[in-house]
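Q: So here's model-v5.csv (CSV, C-alpha atoms).
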```
chain,number,residue,atom,x,y,z
A,1,MET,CA,16.6,-1.2,-83.2
A,2,SER,CA,19.1,-0.2,-85.7
A,3,ARG,CA,17.6,-2.1,-88.6
A,4,THR,CA,15.3,-0.2,-91.0
A,5,ASP,CA,11.9,-1.5,-92.2
A,6,THR,CA,13.6,-2.3,-95.5
A,7,ASP,CA,16.2,-4.3,-93.7
A,8,ARG,CA,13.5,-6.2,-91.9
A,9,GLN,CA,11.1,-7.0,-94.8
A,10,GLY,CA,13.3,-6.6,-97.9
A,11,GLY,CA,13.1,-3.9,-100.6
A,12,GLU,CA,9.9,-3.0,-102.3
A,13,GLY,CA,8.5,-6.0,-104.3
A,14,GLU,CA,11.4,-8.1,-103.0
A,15,SER,CA,11.4,-11.1,-100.7
A,16,ARG,CA,14.5,-10.9,-98.6
A,17,ALA,CA,15.5,-13.8,-96.3
A,18,THR,CA,16.6,-12.6,-92.9
A,19,TYR,CA,16.4,-13.6,-89.3
A,20,LEU,CA,15.9,-10.7,-87.0
A,21,PRO,CA,17.6,-12.1,-83.8
A,22,LYS,CA,20.8,-13.2,-85.7
A,23,GLU,CA,22.9,-10.8,-83.6
A,24,GLU,CA,21.3,-12.1,-80.3
A,25,ALA,CA,22.9,-15.6,-80.3
A,26,GLY,CA,23.1,-17.0,-76.8
A,27,ILE,CA,19.9,-15.4,-75.4
A,28,SER,CA,16.7,-17.4,-75.1
A,29,PHE,CA,14.1,-14.6,-74.7
A,30,PRO,CA,15.6,-11.1,-74.3
A,31,PRO,CA,12.9,-9.4,-72.4
A,32,GLU,CA,13.3,-6.1,-74.2
A,33,ARG,CA,12.8,-7.8,-77.6
A,34,THR,CA,10.2,-10.4,-76.7
A,35,ALA,CA,6.4,-10.0,-77.0
A,36,LEU,CA,3.5,-12.3,-76.1
A,37,LEU,CA,0.7,-12.5,-78.7
A,38,VAL,CA,-2.6,-13.8,-77.3
A,39,ILE,CA,-4.9,-14.8,-80.2
A,40,ASP,CA,-8.7,-14.7,-79.8
A,41,PRO,CA,-9.0,-15.0,-76.1
A,42,VAL,CA,-12.8,-14.3,-76.3
A,43,ASN,CA,-16.1,-15.6,-75.1
A,44,ASP,CA,-17.1,-17.2,-78.3
A,45,PHE,CA,-14.2,-19.6,-77.9
A,46,LEU,CA,-13.5,-19.7,-74.1
A,47,SER,CA,-16.9,-19.3,-72.4
A,48,GLU,CA,-19.8,-21.7,-72.1
A,49,GLY,CA,-22.5,-20.5,-74.5
A,50,GLY,CA,-20.0,-19.0,-76.9
A,51,ALA,CA,-20.6,-19.7,-80.6
A,52,GLY,CA,-17.5,-21.8,-80.8
A,53,TRP,CA,-17.4,-23.4,-77.3
A,54,GLU,CA,-18.8,-26.8,-78.3
A,55,PHE,CA,-16.1,-27.1,-81.0
A,56,VAL,CA,-13.1,-26.3,-78.7
A,57,LYS,CA,-14.2,-27.2,-75.2
A,58,THR,CA,-12.4,-30.5,-75.1
A,59,THR,CA,-8.9,-29.1,-75.6
A,60,VAL,CA,-9.6,-25.9,-73.7
A,61,GLU,CA,-10.6,-27.9,-70.6
A,62,LYS,CA,-8.0,-30.6,-71.0
A,63,ASN,CA,-5.1,-28.0,-71.3
A,64,ASP,CA,-6.6,-25.5,-68.8
A,65,VAL,CA,-6.2,-23.0,-71.6
A,66,ILE,CA,-7.8,-20.2,-69.6
A,67,GLY,CA,-5.7,-20.7,-66.5
A,68,ASN,CA,-2.5,-21.1,-68.5
A,69,LEU,CA,-3.2,-18.0,-70.6
A,70,LYS,CA,-3.8,-16.0,-67.5
A,71,ARG,CA,-0.5,-17.2,-66.0
A,72,ALA,CA,1.3,-16.4,-69.3
A,73,ILE,CA,-0.2,-12.9,-69.5
A,74,GLU,CA,0.4,-12.0,-65.9
A,75,GLY,CA,3.9,-13.5,-66.0
A,76,ALA,CA,4.8,-11.6,-69.1
A,77,ARG,CA,3.5,-8.3,-67.7
A,78,GLY,CA,5.4,-8.9,-64.5
A,79,ARG,CA,8.6,-9.3,-66.5
A,80,GLY,CA,8.1,-6.3,-68.6
A,81,ILE,CA,7.2,-8.2,-71.7
A,82,PRO,CA,4.6,-6.6,-73.9
A,83,VAL,CA,1.3,-8.4,-74.3
A,84,LEU,CA,-0.6,-8.0,-77.5
A,85,PHE,CA,-4.2,-9.2,-78.0
A,86,GLY,CA,-5.3,-10.3,-81.4
A,87,PRO,CA,-9.1,-10.7,-81.5
A,88,MET,CA,-11.7,-11.0,-84.4
A,89,ALA,CA,-14.8,-8.8,-85.1
A,90,TYR,CA,-17.1,-9.0,-88.0
A,91,THR,CA,-19.6,-6.3,-89.2
A,92,GLU,CA,-22.4,-6.3,-91.8
A,93,GLU,CA,-20.0,-4.8,-94.3
A,94,ASP,CA,-17.6,-7.7,-94.0
A,95,TYR,CA,-20.3,-10.1,-95.2
A,96,ALA,CA,-22.7,-7.9,-97.2
A,97,ASP,CA,-20.1,-5.9,-99.1
A,98,GLU,CA,-16.9,-8.0,-98.9
A,99,GLN,CA,-18.6,-11.4,-99.1
A,100,LEU,CA,-16.1,-12.9,-96.7
A,101,GLN,CA,-18.4,-15.8,-96.0
A,102,ARG,CA,-17.4,-17.0,-99.5
A,103,LYS,CA,-13.7,-16.7,-98.9
A,104,SER,CA,-13.0,-20.0,-97.2
A,105,GLY,CA,-14.4,-22.8,-95.1
A,106,ILE,CA,-13.6,-21.2,-91.8
A,107,ASN,CA,-15.1,-17.9,-92.9
A,108,ARG,CA,-18.3,-19.8,-93.8
A,109,LEU,CA,-18.3,-21.5,-90.5
A,110,MET,CA,-17.9,-18.3,-88.6
A,111,PHE,CA,-20.6,-16.6,-90.6
A,112,GLU,CA,-23.2,-19.4,-90.2
A,113,THR,CA,-22.6,-19.7,-86.4
A,114,LYS,CA,-22.5,-15.9,-85.9
A,115,MET,CA,-19.1,-16.0,-84.4
A,116,PHE,CA,-17.3,-12.8,-83.3
A,117,LEU,CA,-20.0,-10.3,-84.3
A,118,ALA,CA,-18.6,-6.9,-83.6
A,119,GLY,CA,-19.9,-5.4,-80.3
A,120,SER,CA,-21.3,-8.7,-79.1
A,121,TRP,CA,-20.6,-10.6,-75.9
A,122,GLY,CA,-19.1,-13.4,-78.0
A,123,ALA,CA,-16.5,-11.1,-79.5
A,124,ASP,CA,-15.5,-9.6,-76.1
A,125,PHE,CA,-12.6,-10.8,-74.1
A,126,HIS,CA,-13.0,-13.6,-71.6
A,127,PRO,CA,-13.5,-12.1,-68.1
A,128,ASP,CA,-10.3,-13.6,-66.8
A,129,LEU,CA,-8.3,-12.4,-69.9
A,130,GLN,CA,-9.1,-8.8,-70.1
A,131,PRO,CA,-6.5,-6.4,-71.6
A,132,GLN,CA,-5.0,-3.9,-69.1
A,133,GLU,CA,-3.4,-0.5,-69.4
A,134,GLY,CA,-0.1,-1.0,-71.2
A,135,ASP,CA,-1.3,-3.9,-73.3
A,136,THR,CA,-1.9,-3.6,-77.0
A,137,VAL,CA,-5.2,-4.6,-78.6
A,138,LEU,CA,-4.8,-5.1,-82.3
A,139,LEU,CA,-7.2,-4.3,-85.1
A,140,PRO,CA,-9.4,-7.4,-85.8
A,141,HIS,CA,-8.2,-10.1,-88.2
A,142,LYS,CA,-10.8,-11.1,-90.7
A,143,SER,CA,-9.6,-14.6,-91.4
A,144,ILE,CA,-6.8,-16.7,-89.7
A,145,ASP,CA,-3.7,-14.6,-90.0
A,146,VAL,CA,-3.1,-12.0,-87.3
A,147,PHE,CA,-0.1,-10.8,-89.2
A,148,GLU,CA,-2.5,-9.2,-91.7
A,149,THR,CA,-3.5,-6.7,-89.1
A,150,ASP,CA,-1.5,-3.9,-87.5
A,151,LEU,CA,0.6,-6.5,-85.7
A,152,PRO,CA,3.8,-5.9,-87.8
A,153,GLU,CA,3.7,-2.2,-87.0
A,154,HIS,CA,3.4,-2.8,-83.3
A,155,LEU,CA,6.3,-5.3,-83.3
A,156,ARG,CA,8.5,-2.8,-85.1
A,157,ARG,CA,7.5,-0.1,-82.7
A,158,LEU,CA,8.4,-2.3,-79.7
A,159,GLY,CA,11.6,-3.5,-81.3
A,160,VAL,CA,10.5,-7.2,-81.0
A,161,THR,CA,12.5,-10.0,-82.5
A,162,HIS,CA,11.0,-12.9,-80.5
A,163,LEU,CA,7.3,-13.6,-80.8
A,164,VAL,CA,5.6,-16.0,-78.4
A,165,ILE,CA,2.1,-17.2,-79.5
A,166,ALA,CA,-0.8,-18.5,-77.4
A,167,GLY,CA,-4.6,-18.6,-77.7
A,168,MET,CA,-7.0,-20.0,-80.3
A,169,THR,CA,-7.0,-22.1,-82.4
A,170,ALA,CA,-4.0,-24.3,-82.8
A,171,ASN,CA,-4.3,-25.3,-86.5
A,172,LEU,CA,-5.8,-22.1,-87.8
A,173,CYS,CA,-5.0,-18.6,-86.4
A,174,CYS,CA,-2.1,-19.6,-84.2
A,175,GLU,CA,-0.4,-21.6,-86.9
A,176,SER,CA,-1.0,-19.2,-89.7
A,177,THR,CA,0.3,-16.3,-87.7
A,178,GLY,CA,3.3,-18.2,-86.5
A,179,ARG,CA,4.1,-19.2,-90.1
A,180,HIS,CA,3.9,-15.6,-91.3
A,181,ALA,CA,6.0,-14.3,-88.4
A,182,MET,CA,8.7,-16.9,-89.1
A,183,GLU,CA,8.7,-15.9,-92.8
A,184,ALA,CA,9.1,-12.3,-91.7
A,185,GLY,CA,12.2,-13.2,-89.7
A,186,PHE,CA,10.9,-13.5,-86.2
A,187,ASP,CA,12.0,-16.1,-83.7
A,188,VAL,CA,8.7,-17.9,-83.0
A,189,THR,CA,7.7,-19.9,-80.0
A,190,PHE,CA,4.3,-21.6,-79.3
A,191,LEU,CA,3.0,-22.2,-75.7
A,192,SER,CA,1.6,-25.7,-76.0
A,193,ASP,CA,-0.6,-25.6,-72.8
A,194,ALA,CA,-2.1,-22.2,-73.5
A,195,ILE,CA,-3.5,-23.2,-76.9
A,196,GLY,CA,-6.7,-24.9,-77.8
A,197,ALA,CA,-8.2,-26.4,-81.0
A,198,ALA,CA,-11.4,-27.9,-82.4
A,199,GLY,CA,-10.6,-31.4,-81.2
A,200,ILE,CA,-7.6,-33.4,-80.2
A,201,PRO,CA,-6.5,-34.4,-83.7
A,202,ALA,CA,-6.2,-30.8,-84.8
A,203,TYR,CA,-4.3,-29.9,-81.6
A,204,GLU,CA,-1.9,-32.8,-81.8
A,205,ALA,CA,-1.2,-32.3,-85.5
A,206,SER,CA,-0.2,-28.7,-84.8
A,207,ILE,CA,1.8,-29.2,-81.6
A,208,ARG,CA,3.6,-32.4,-82.6
A,209,VAL,CA,4.0,-32.0,-86.4
A,210,ASN,CA,3.7,-28.5,-87.7
A,211,TYR,CA,4.8,-26.2,-84.9
A,212,PRO,CA,8.2,-27.9,-84.4
A,213,LEU,CA,9.1,-27.1,-88.0
A,214,VAL,CA,7.6,-23.7,-88.2
A,215,ALA,CA,8.9,-22.4,-84.9
A,216,ASN,CA,12.1,-22.7,-82.8
A,217,ALA,CA,10.4,-24.2,-79.8
A,218,VAL,CA,7.1,-25.6,-78.5
A,219,ILE,CA,7.2,-25.2,-74.8
A,220,SER,CA,4.9,-24.8,-71.7
A,221,VAL,CA,4.0,-21.6,-70.0
A,222,ASP,CA,6.2,-22.5,-67.0
A,223,GLU,CA,9.2,-23.2,-69.3
A,224,PHE,CA,8.7,-19.9,-71.1
A,225,LEU,CA,8.7,-17.9,-67.9
A,226,THR,CA,11.7,-19.8,-66.6
A,227,ALA,CA,13.5,-19.1,-69.8
A,228,VAL,CA,12.7,-15.4,-69.6
A,229,ASP,CA,14.1,-15.3,-66.1
A,230,ALA,CA,17.3,-16.8,-67.3
A,231,SER,CA,17.6,-14.5,-70.2
A,232,THR,CA,18.6,-11.3,-68.5
A,233,GLY,CA,21.7,-10.8,-70.7
A,234,SER,CA,23.3,-14.1,-69.8
A,235,PRO,CA,24.7,-16.3,-72.6
A,236,LEU,CA,22.8,-19.4,-73.5
A,237,ASP,CA,25.3,-21.8,-71.9
A,238,VAL,CA,25.0,-25.5,-72.2
A,239,HIS,CA,26.4,-27.8,-69.4
A,240,PRO,CA,27.0,-31.5,-69.0
A,241,GLY,CA,24.0,-33.0,-67.4
A,242,ASP,CA,21.5,-30.7,-69.2
A,243,THR,CA,18.6,-32.4,-70.9
A,244,VAL,CA,18.4,-31.9,-74.6
A,245,ARG,CA,14.9,-31.5,-76.1
A,246,GLY,CA,13.8,-31.1,-79.7
A,247,SER,CA,11.6,-28.3,-81.0
A,248,ASP,CA,8.7,-30.7,-80.5
A,249,HIS,CA,9.6,-30.9,-76.8
A,250,GLY,CA,10.7,-34.6,-77.2
A,251,GLU,CA,13.6,-35.6,-75.0
A,252,ILE,CA,16.7,-36.5,-77.0
A,253,GLY,CA,19.1,-37.3,-74.2
A,254,THR,CA,21.5,-35.8,-71.7
A,255,VAL,CA,24.6,-33.7,-72.5
A,256,ASP,CA,27.8,-35.7,-71.8
A,257,LYS,CA,30.1,-32.9,-72.7
A,258,VAL,CA,30.3,-29.6,-74.5
A,259,VAL,CA,33.2,-29.2,-76.9
A,260,GLU,CA,34.5,-25.8,-78.0
A,261,ALA,CA,35.3,-25.1,-81.6
A,262,THR,CA,38.8,-25.8,-83.0
A,263,GLU,CA,40.4,-25.3,-86.4
A,264,GLU,CA,39.0,-28.7,-87.5
A,265,HIS,CA,35.5,-28.7,-86.1
A,266,GLU,CA,32.6,-26.5,-85.0
A,267,ALA,CA,31.5,-26.3,-81.4
A,268,TYR,CA,29.1,-29.1,-80.4
A,269,LEU,CA,27.5,-31.0,-77.6
A,270,LEU,CA,27.7,-34.7,-77.3
A,271,VAL,CA,24.6,-36.7,-76.4
A,272,PRO,CA,25.6,-40.4,-75.9
A,273,ARG,CA,23.7,-43.2,-77.4
A,274,GLY,CA,20.9,-44.6,-75.4
A,275,MET,CA,17.5,-46.4,-75.5
A,276,ILE,CA,16.3,-44.2,-78.5
A,277,PHE,CA,19.3,-43.3,-80.5
A,278,LYS,CA,21.7,-46.2,-81.1
A,279,THR,CA,24.7,-44.0,-81.9
A,280,ASP,CA,26.3,-41.0,-80.2
A,281,THR,CA,24.7,-37.7,-81.4
A,282,TYR,CA,27.0,-34.6,-82.0
A,283,VAL,CA,24.7,-31.6,-82.0
A,284,PRO,CA,26.1,-28.4,-83.4
A,285,LEU,CA,26.0,-25.8,-80.6
A,286,ASP,CA,24.3,-23.3,-82.8
A,287,ALA,CA,21.3,-25.6,-83.0
A,288,VAL,CA,20.6,-24.7,-79.4
A,289,VAL,CA,18.0,-21.9,-79.3
A,290,LYS,CA,16.3,-22.0,-75.9
A,291,ARG,CA,17.0,-22.8,-72.3
A,292,ALA,CA,14.5,-23.4,-69.5
A,293,GLY,CA,16.0,-24.6,-66.2
A,294,LYS,CA,18.0,-27.7,-66.9
A,295,ASP,CA,16.4,-28.2,-70.3
A,296,VAL,CA,18.0,-26.9,-73.5
A,297,PHE,CA,16.0,-26.9,-76.8
A,298,ILE,CA,17.4,-27.4,-80.3
A,299,ASN,CA,15.5,-26.3,-83.3
A,300,ILE,CA,15.0,-29.7,-84.8
A,301,PRO,CA,12.1,-32.0,-83.8
A,302,LYS,CA,13.1,-35.2,-81.9
A,303,LEU,CA,11.2,-37.1,-84.7
A,304,VAL,CA,13.8,-36.2,-87.3
A,305,VAL,CA,17.0,-35.9,-85.2
A,306,GLY,CA,17.9,-39.4,-86.3
A,307,GLU,CA,17.9,-38.1,-89.9
A,308,MET,CA,20.4,-35.4,-89.2
A,309,PRO,CA,24.1,-35.9,-90.2
A,310,TRP,CA,25.1,-35.8,-86.6
A,311,THR,CA,26.9,-39.1,-86.1
A,312,GLU,CA,30.3,-37.4,-85.9
A,313,PRO,CA,31.7,-34.0,-84.8
A,314,PRO,CA,30.7,-31.2,-87.2
A,315,SER,CA,33.7,-30.3,-89.3
A,316,ARG,CA,34.4,-26.8,-90.5
A,317,ALA,CA,34.7,-28.2,-94.1
A,318,GLU,CA,31.3,-29.7,-93.9
A,319,ARG,CA,29.8,-26.5,-92.6
A,320,ARG,CA,31.3,-24.6,-95.5
A,321,ALA,CA,29.7,-27.0,-97.9
A,322,LYS,CA,26.3,-26.5,-96.1
A,323,LEU,CA,26.5,-22.8,-96.6
A,324,GLY,CA,26.3,-23.1,-100.3
A,325,PRO,CA,27.8,-20.7,-102.9
A,326,ARG,CA,28.1,-17.0,-102.5
A,327,ALA,CA,25.4,-15.1,-104.4
A,328,ALA,CA,28.0,-13.4,-106.6
A,329,GLU,CA,29.2,-16.8,-107.7
A,330,VAL,CA,25.8,-18.0,-108.9
A,331,ASP,CA,25.1,-17.6,-112.6
A,332,LYS,CA,21.5,-19.0,-112.5
A,333,LEU,CA,19.5,-19.7,-109.4
A,334,TYR,CA,17.9,-22.6,-111.1
A,335,ARG,CA,20.1,-24.3,-113.7
A,336,SER,CA,17.5,-24.7,-116.4
A,337,LYS,CA,15.7,-21.4,-116.1
A,338,SER,CA,15.9,-18.0,-114.3
A,339,PRO,CA,13.1,-16.7,-112.1
A,340,SER,CA,10.4,-15.0,-114.1
A,341,VAL,CA,11.0,-11.7,-112.4
A,342,HIS,CA,14.4,-11.6,-113.9
A,343,ALA,CA,13.0,-12.5,-117.3
A,344,ARG,CA,10.5,-9.6,-117.0
A,345,SER,CA,13.3,-7.2,-116.1
A,346,ALA,CA,15.4,-8.4,-119.1
A,347,ARG,CA,12.4,-7.9,-121.4
A,348,GLY,CA,11.8,-4.4,-120.0
A,349,ALA,CA,15.5,-3.5,-120.5
A,350,SER,CA,15.4,-4.6,-124.1
```
As structure tokens - that is how I would like this structure written.

A:
Amino acid sequence: MSRTDTDRQGGEGESRATYLPKEEAGISFPPERTALLVIDPVNDFLSEGGAGWEFVKTTVEKNDVIGNLKRAIEGARGRGIPVLFGPMAYTEEDYADEQLQRKSGINRLMFETKMFLAGSWGADFHPDLQPQEGDTVLLPHKSIDVFETDLPEHLRRLGVTHLVIAGMTANLCCESTGRHAMEAGFDVTFLSDAIGAAGIPAYEASIRVNYPLVANAVISVDEFLTAVDASTGSPLDVHPGDTVRGSDHGEIGTVDKVVEATEEHEAYLLVPRGMIFKTDTYVPLDAVVKRAGKDVFINIPKLVVGEMPWTEPPSRAERRAKLGPRAAEVDKLYRSKSPSVHARSARGAS
């Protein structure tokens, strides 16, 4: 890719807002820039007798997580999409020297139940989910964020801009990693039927509430593979008759027509009022981020679509207002006080 590491992550000591696929509008999952991250597909979670099996078995069995992970991994490999494995492994030094068991509740739980002990059967990959030649096995994460390993270096090496996340567990490692990846500028997708959790409430809270706002889409393995197959350089076209779904996978309605941009308004698609929405919905076309078969996904959950100002065609004037002021026109970021980093710089200069 042409971007430098500084372009991706911002300058030293600086947080720089960016979105890595911003020049890829119109493509769901470009195969050459997409990677599948499988988090903790190991015996302690996914095999009977594993240290965490009793915690997660309900959702693992209900979602057929092992079978769906296997299909996602094999489907990604067959389409030339890199597969990265993000496991955990703890040694005596982690606990005796680093005192990680005192770091957090989940670290204490893993310590007390002897989860993911380095070199053990429990920390090894499930028999059906073994890495193969060409896959990448990451250094172990020591808490719940795989982004704190060598994952960023491998994503840069591979030129990845779209990160697809599956594995264990929904409200901990998967969610933390997805949040960090989104903040780092990646387009994030979660595979809902290839993720498990310690109970239905934890799973549902992640899939229905948190993921749809953290990520651009929450979709199934089949939808992911279908979207990849449709992303071989083709534009992300929307057609009348397509089903519009939110980032939470909720069905919003059917596209009545797609309207191109004019001097007065932005491009949009019209979803007529129906049983759920009592008025017509004018969805800005640039809210569409994924396509799988006849389904198109927008990056707003269905639960909040009714709160969007989409009751009339999006005007160019309103879009300009939403953009906010140019940076050079802003005297103070916060009217009453400047950020402390600026204050420190001023003190240093004086």

Q: Could you pull the residues within 8 Å of Ala123 in chain A, counting all atoms listed in the file, minus those fewer than 5 positions along the same chain, as a list in words?

A: Val42, Asn43, Asp44, Pro87, Met88, Ala89, Met115, Phe116, Leu117 and Ala118 of chain A

Q: At a cut-off of 12 Å, using all atoms listed in the file, what residues contact range 91-94 of chain A? Leave out same-chain residues fewer than 2 positions from it and give the result as an mmCIF file with C-alpha atoms, keeping the file's coordinate frame.

A:
```cif
data_model
loop_
_atom_site.group_PDB
_atom_site.id
_atom_site.type_symbol
_atom_site.label_atom_id
_atom_site.label_comp_id
_atom_site.auth_asym_id
_atom_site.auth_seq_id
_atom_site.Cartn_x
_atom_site.Cartn_y
_atom_site.Cartn_z
ATOM 1 C CA MET A 88 -11.700 -11.000 -84.400
ATOM 2 C CA ALA A 89 -14.800 -8.800 -85.100
ATOM 3 C CA ALA A 96 -22.700 -7.900 -97.200
ATOM 4 C CA ASP A 97 -20.100 -5.900 -99.100
ATOM 5 C CA GLU A 98 -16.900 -8.000 -98.900
ATOM 6 C CA GLN A 99 -18.600 -11.400 -99.100
ATOM 7 C CA LEU A 100 -16.100 -12.900 -96.700
ATOM 8 C CA GLN A 101 -18.400 -15.800 -96.000
ATOM 9 C CA ARG A 102 -17.400 -17.000 -99.500
ATOM 10 C CA LYS A 103 -13.700 -16.700 -98.900
ATOM 11 C CA ASN A 107 -15.100 -17.900 -92.900
ATOM 12 C CA MET A 110 -17.900 -18.300 -88.600
ATOM 13 C CA PHE A 111 -20.600 -16.600 -90.600
ATOM 14 C CA LYS A 114 -22.500 -15.900 -85.900
ATOM 15 C CA MET A 115 -19.100 -16.000 -84.400
ATOM 16 C CA PHE A 116 -17.300 -12.800 -83.300
ATOM 17 C CA LEU A 117 -20.000 -10.300 -84.300
ATOM 18 C CA ALA A 118 -18.600 -6.900 -83.600
ATOM 19 C CA GLY A 119 -19.900 -5.400 -80.300
ATOM 20 C CA SER A 120 -21.300 -8.700 -79.100
ATOM 21 C CA ALA A 123 -16.500 -11.100 -79.500
ATOM 22 C CA PRO A 140 -9.400 -7.400 -85.800
ATOM 23 C CA HIS A 141 -8.200 -10.100 -88.200
ATOM 24 C CA LYS A 142 -10.800 -11.100 -90.700
ATOM 25 C CA SER A 143 -9.600 -14.600 -91.400
#
```

Q: Could you list, as a compact mmCIF listing (two decimals) with C-alpha atoms, keeping the file's coordinate frame, every residue within 6 Å of range 312-325 of chain A, counting all atoms listed in the file and ignoring same-chain residues fewer than 5 positions away?

A:
```
# COMPACT_ATOMS: atom_id res chain seq x y z
CA GLU A 264 39.00 -28.70 -87.50
CA HIS A 265 35.50 -28.70 -86.10
CA GLU A 266 32.60 -26.50 -85.00
CA TYR A 282 27.00 -34.60 -82.00
```

Q: What does the structure give for the distance between CA of Asp187 in chain A and CA of Gly134 in chain A, in Å to one decimal?

A: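 It comes out at 23.0 Å.
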
Q: Around the point (-6.1, -10.4, -69.0), in the coordinates given by the file, pick out the residues reaching within 9 Å, counting all atoms listed in the file, and return them as a list in words.

A: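 Nearby residues: Pro41, Leu69, Lys70, Ile73, Glu74, Phe125, His126, Pro127, Asp128, Leu129, Gln130, Pro131 and Gln132 of chain A.
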
Q: Report the distance between CA of Val137 in chain A and CA of Val188 in chain A in Å, rounded to one decimal place.

A: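 Those two atoms sit 19.7 Å apart.
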
Q: Could you tell me, as a PyMOL selection string, which residues have any atom at most 9 Å from (-2.4, -21.0, -83.3), counting only C-alpha atoms?

A: chain A and resi 39+144+165-178+190+195-197+206

Q: What does the structure give for the distance between CA of Asp295 in chain A and CA of Leu191 in chain A, in Å to one decimal?

A: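 Atom-to-atom, CA of Asp295 in chain A and CA of Leu191 in chain A are spaced 15.6 Å apart.
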
Q: Hey, which bits of range 70-148 of chain A sit within 9 Å of range 152-155 of chain A, and for each residue what's the closest pair of atoms and how far apart in Å (one decimal), counting only C-alpha atoms, rows by chain and increasing number, as CSV?

A:
```
residue,atom,partner,partner_atom,distance
A:Leu84,CA,A:His154,CA,8.8
A:Thr136,CA,A:His154,CA,8.3
A:Leu138,CA,A:His154,CA,8.6
A:Phe147,CA,A:Pro152,CA,6.4
A:Glu148,CA,A:Pro152,CA,8.1
```

Q: So, counting all atoms listed in the file, which residue among A:Gly199, A:Pro31, A:Gly86, A:Gly159 is closest to Val60 in chain A?

A: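 Distance minimum relative to Val60 in chain A lands on A:Gly199.
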
Q: I'd like the neighbourhood of Arg273 in chain A as a ChimeraX atom specification, where a residue qualifies if any of its atoms comes within 10 Å (using only C-alpha atoms), though same-chain residues fewer than 5 positions away should be ignored.

A: /A:252-254,278-281

Q: Could you tell me which of A:Val214, A:Val83, A:Val244, A:Val289 comes closest to Pro21 in chain A if we count only C-alpha atoms?

A: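 Once distances to Pro21 in chain A are computed over only C-alpha atoms, the minimum belongs to A:Val289.
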
Q: Would you pick out the contacts of Val305 in chain A at 10 Å or less, using all atoms listed in the file, so that residues sharing its chain but fewer than 2 positions from it are not included, and give the list as a list in words?

A: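 Non-adjacent residues within range: Gly246, Ile252, Phe277, Thr281, Val283, Ile298, Asn299, Ile300, Pro301, Lys302, Leu303, Glu307, Met308, Pro309 and Trp310 of chain A.
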